[in-house]
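Novice: What follows is a single structure, and I will ask about it in a moment.
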Amino acid sequence: MARTKMTRHQLKERDEITTSLQKFMEVVYARQKQVIAGAVIVVVLAVSIIGWNIYSSNRNANAQSQLSAAINAFNDTTNIKSDKERYEKTIAEAQKTHDNYRSLRVGVIAQYYIGMSQEGLGETAKAVQTLQEVIQRGDSDIKGVAQFALGGIHKKHGETQKAIEVYKQLYDSGGYSKAAIAYELAGLYEANNQADQAKEYYQKVVSEFPESPFRQGADDALKRLGVTTPPPSQQKPS
């Protein structure tokens, strides 16, 4: 059979259809590439997230383990007979934790134990500097503990005014037991012959923290200073 000759119009339509099909296939192919690329990105992100979570979990576990070694050394008065050896071991373990995990909370806690051990070794200037660094880092869980310890070091070495300043800042800012701080402040003021201030803080313990373990000591101190207080409440602490 003879091939039917196509008119110019039919040829133009065929060319347009062919061109359109080619463009359509190009779009489909391009979209397939985008979909595949998108799927690959999702898979890579998922693997990355899972990998990071595993890495982070392992890192935190290792950090906690190293910190536990430092804390155990600090508290081990049974197996480590010498305080010097105990503090030196604590510093060695805590320094490893701090060096390896400086950006984590355990790194800050490790630095606190370094400071306390330095004080135990008689290196007071180093201890004060270390605890001040802990305080400046501002971690909410350890800052108050470090401030209280710093106040205790000043008190231990007869630096009454420095101790008072540290304790007053801590009392105002929070982050540690206010009953304990008030009791320490009262004792410092009493030892410094500042009876009015001592009475003020002993009274805070009695009136604001009546169920605290410092209540009885505050009552006794107020009596010693000539102040009569009502008997302690029989209500048990909540």
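Quick note on naming: the chains in the structure tokens go A, B, ... in the order shown, residues restart at 1 in each chain, and ligands are numbered from 1 in order of appearance.
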If you count only C-alpha atoms, which residues fall within 9 Å of A:Thr130, apart from same-chain ones fewer than 6 positions away, as a compact mmCIF listing (two decimals) with all heavy atoms, in the first residue's frame?

Specialist:
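Okay, this is what ended up in around.txt:
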```txt
# COMPACT_ATOMS: atom_id res chain seq x y z
N GLN A 111 35.67 20.17 87.32
CA GLN A 111 36.47 21.32 87.72
C GLN A 111 36.20 21.70 89.17
O GLN A 111 37.12 22.11 89.90
CB GLN A 111 36.18 22.49 86.78
CG GLN A 111 37.18 23.64 86.90
CD GLN A 111 36.93 24.73 85.86
OE1 GLN A 111 35.85 24.80 85.28
NE2 GLN A 111 37.91 25.58 85.65
N TYR A 112 34.97 21.56 89.60
CA TYR A 112 34.63 21.81 91.02
C TYR A 112 35.43 20.89 91.93
O TYR A 112 36.00 21.32 92.95
CB TYR A 112 33.13 21.62 91.24
CG TYR A 112 32.73 21.49 92.68
CD1 TYR A 112 32.59 22.61 93.50
CD2 TYR A 112 32.50 20.24 93.25
CE1 TYR A 112 32.24 22.49 94.83
CE2 TYR A 112 32.13 20.10 94.58
CZ TYR A 112 32.00 21.23 95.37
OH TYR A 112 31.65 21.11 96.70
N ILE A 114 38.22 19.46 91.25
CA ILE A 114 39.63 19.87 91.21
C ILE A 114 39.88 20.97 92.24
O ILE A 114 40.85 20.92 93.00
CB ILE A 114 40.01 20.37 89.79
CG1 ILE A 114 40.00 19.21 88.79
CG2 ILE A 114 41.39 21.04 89.81
CD1 ILE A 114 40.16 19.65 87.34
N GLY A 115 39.00 21.96 92.27
CA GLY A 115 39.13 23.06 93.23
C GLY A 115 39.08 22.59 94.67
O GLY A 115 39.90 23.01 95.50
N MET A 116 38.14 21.69 94.97
CA MET A 116 38.03 21.20 96.35
C MET A 116 39.26 20.38 96.75
O MET A 116 39.71 20.44 97.90
CB MET A 116 36.76 20.34 96.48
CG MET A 116 35.47 21.10 96.25
SD MET A 116 35.27 22.53 97.34
CE MET A 116 35.09 21.71 98.93
N GLN A 118 42.30 20.80 95.45
CA GLN A 118 43.40 21.76 95.61
C GLN A 118 43.38 22.36 97.01
O GLN A 118 44.44 22.51 97.64
CB GLN A 118 43.29 22.85 94.55
CG GLN A 118 43.66 22.38 93.15
CD GLN A 118 43.30 23.38 92.07
OE1 GLN A 118 42.40 24.20 92.24
NE2 GLN A 118 43.99 23.32 90.94
```

Novice: Contacts of A:Asn62 at 12 Å or less, counting only C-alpha atoms, minus same-chain residues fewer than 6 places along, as a list in words?

Specialist: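 The contact residues come out as Tyr55, Ser56, Ser68, Ala69, Lys96, Thr97, Asn100, Tyr101, Leu104, Val106 and Gly107 of chain A.
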
Novice: What does the structure give for the distance between atom CA of A:His157 and atom CA of A:Thr124, in Å to one decimal?

Specialist: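 About the pair atom CA of A:His157 and atom CA of A:Thr124: they are 9.1 Å apart.
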
Novice: What does the structure give for the distance between atom CA of A:Gln203 and atom CA of A:Leu188, in Å to one decimal?

Specialist: 14.4 Å

Novice: Report, in Å to a single decimal, how far apart atom CA of A:Ser140 and atom CA of A:Ala63 are.

Specialist: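 Distance between the two atoms: 18.9 Å.
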
Novice: Tell me, as a list in words, which residues lie within 9 Å of A:Thr160, counting only C-alpha atoms; anything in the same chain fewer than 4 positions away does not count.

Specialist: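 Close residues of A:Thr160: Gly151, His154, Lys155, Lys156, Ile164, Glu165, Leu188, Tyr189, Ala191 and Asn192 of chain A.
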
Novice: Only N, CA, C and O atoms, please: the residues just picked out, written as an mmCIF file, in the first residue's frame.

Specialist:
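Saved result, part-v9.cif, follows:
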```
data_model
loop_
_atom_site.group_PDB
_atom_site.id
_atom_site.type_symbol
_atom_site.label_atom_id
_atom_site.label_comp_id
_atom_site.auth_asym_id
_atom_site.auth_seq_id
_atom_site.Cartn_x
_atom_site.Cartn_y
_atom_site.Cartn_z
ATOM 1 N N GLY A 151 32.796 30.371 99.724
ATOM 2 C CA GLY A 151 32.542 31.066 100.988
ATOM 3 C C GLY A 151 33.138 30.309 102.154
ATOM 4 O O GLY A 151 33.710 30.915 103.082
ATOM 5 N N HIS A 154 36.940 30.898 102.311
ATOM 6 C CA HIS A 154 37.250 32.204 102.901
ATOM 7 C C HIS A 154 37.036 32.179 104.416
ATOM 8 O O HIS A 154 37.852 32.711 105.178
ATOM 9 N N LYS A 155 35.962 31.548 104.837
ATOM 10 C CA LYS A 155 35.669 31.454 106.278
ATOM 11 C C LYS A 155 36.771 30.660 106.991
ATOM 12 O O LYS A 155 37.251 31.074 108.056
ATOM 13 N N LYS A 156 37.178 29.545 106.404
ATOM 14 C CA LYS A 156 38.197 28.683 106.991
ATOM 15 C C LYS A 156 39.502 29.437 107.224
ATOM 16 O O LYS A 156 40.202 29.209 108.220
ATOM 17 N N ILE A 164 31.424 36.660 103.818
ATOM 18 C CA ILE A 164 30.109 37.306 103.918
ATOM 19 C C ILE A 164 29.634 37.783 102.542
ATOM 20 O O ILE A 164 28.467 37.591 102.167
ATOM 21 N N GLU A 165 30.541 38.377 101.791
ATOM 22 C CA GLU A 165 30.169 38.884 100.465
ATOM 23 C C GLU A 165 29.710 37.752 99.547
ATOM 24 O O GLU A 165 28.703 37.870 98.834
ATOM 25 N N LEU A 188 28.903 34.006 110.916
ATOM 26 C CA LEU A 188 30.001 34.908 110.579
ATOM 27 C C LEU A 188 29.817 36.272 111.237
ATOM 28 O O LEU A 188 30.772 36.846 111.775
ATOM 29 N N TYR A 189 28.597 36.773 111.163
ATOM 30 C CA TYR A 189 28.336 38.076 111.789
ATOM 31 C C TYR A 189 28.527 38.007 113.300
ATOM 32 O O TYR A 189 29.094 38.920 113.923
ATOM 33 N N ALA A 191 30.501 35.941 114.953
ATOM 34 C CA ALA A 191 31.942 35.836 115.220
ATOM 35 C C ALA A 191 32.643 37.167 115.002
ATOM 36 O O ALA A 191 33.690 37.429 115.612
ATOM 37 N N ASN A 192 32.056 38.008 114.146
ATOM 38 C CA ASN A 192 32.644 39.313 113.839
ATOM 39 C C ASN A 192 32.092 40.418 114.736
ATOM 40 O O ASN A 192 32.293 41.606 114.465
#
```

Novice: Got a sec: who's within 7 Å of stretch 72-89 of chain A, counting only C-alpha atoms, leaving out chain neighbours fewer than 2 positions off, as a short mmCIF file (atom, residue, chain, number, x, y, z; two decimals) with all heavy atoms, in the first residue's frame?

Specialist:
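As written to disk, result19.cif reads:
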```cif
data_model
loop_
_atom_site.label_atom_id
_atom_site.label_comp_id
_atom_site.auth_asym_id
_atom_site.auth_seq_id
_atom_site.Cartn_x
_atom_site.Cartn_y
_atom_site.Cartn_z
N SER A 68 32.59 9.79 87.57
CA SER A 68 32.36 8.91 88.72
C SER A 68 33.68 8.47 89.34
O SER A 68 33.81 8.36 90.56
CB SER A 68 31.55 7.68 88.29
OG SER A 68 30.25 8.05 87.89
N ALA A 69 34.68 8.25 88.49
CA ALA A 69 35.99 7.85 89.01
C ALA A 69 36.59 8.95 89.88
O ALA A 69 37.19 8.68 90.93
CB ALA A 69 36.93 7.52 87.84
N ALA A 70 36.39 10.21 89.46
CA ALA A 70 36.91 11.35 90.24
C ALA A 70 36.16 11.48 91.56
O ALA A 70 36.77 11.67 92.63
CB ALA A 70 36.79 12.63 89.42
N ILE A 91 42.26 14.83 91.57
CA ILE A 91 42.66 15.84 90.58
C ILE A 91 43.02 15.17 89.26
O ILE A 91 42.64 15.65 88.18
CB ILE A 91 43.83 16.69 91.10
CG1 ILE A 91 43.36 17.60 92.24
CG2 ILE A 91 44.45 17.52 89.98
CD1 ILE A 91 44.46 18.39 92.91
N ALA A 92 43.75 14.06 89.32
CA ALA A 92 44.15 13.36 88.10
C ALA A 92 42.94 12.89 87.32
O ALA A 92 42.85 13.07 86.09
CB ALA A 92 45.06 12.19 88.44
N GLU A 93 41.97 12.28 88.01
CA GLU A 93 40.77 11.77 87.34
C GLU A 93 39.87 12.91 86.87
O GLU A 93 39.35 12.88 85.75
CB GLU A 93 39.98 10.86 88.30
CG GLU A 93 40.69 9.58 88.70
CD GLU A 93 40.85 8.62 87.54
OE1 GLU A 93 40.20 8.79 86.51
OE2 GLU A 93 41.67 7.66 87.67
N SER A 117 39.82 19.64 95.80
CA SER A 117 41.01 18.84 96.09
C SER A 117 42.24 19.74 96.24
O SER A 117 43.12 19.46 97.07
CB SER A 117 41.23 17.82 94.98
OG SER A 117 40.15 16.91 94.92
N GLY A 120 42.15 20.92 99.62
CA GLY A 120 42.55 19.83 100.51
C GLY A 120 44.05 19.65 100.57
O GLY A 120 44.60 19.23 101.60
N LEU A 121 44.74 19.97 99.47
CA LEU A 121 46.20 19.86 99.42
C LEU A 121 46.89 21.12 99.94
O LEU A 121 48.12 21.20 99.93
CB LEU A 121 46.64 19.59 97.97
CG LEU A 121 46.28 18.21 97.40
CD1 LEU A 121 46.59 18.17 95.91
CD2 LEU A 121 47.04 17.11 98.14
#
```

Novice: Between A:Arg102, A:Lys204, A:Lys168, A:Lys199, single out the one closest to A:Ala221, counting only C-alpha atoms.

Specialist: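 Distance minimum relative to A:Ala221 lands on A:Lys199.
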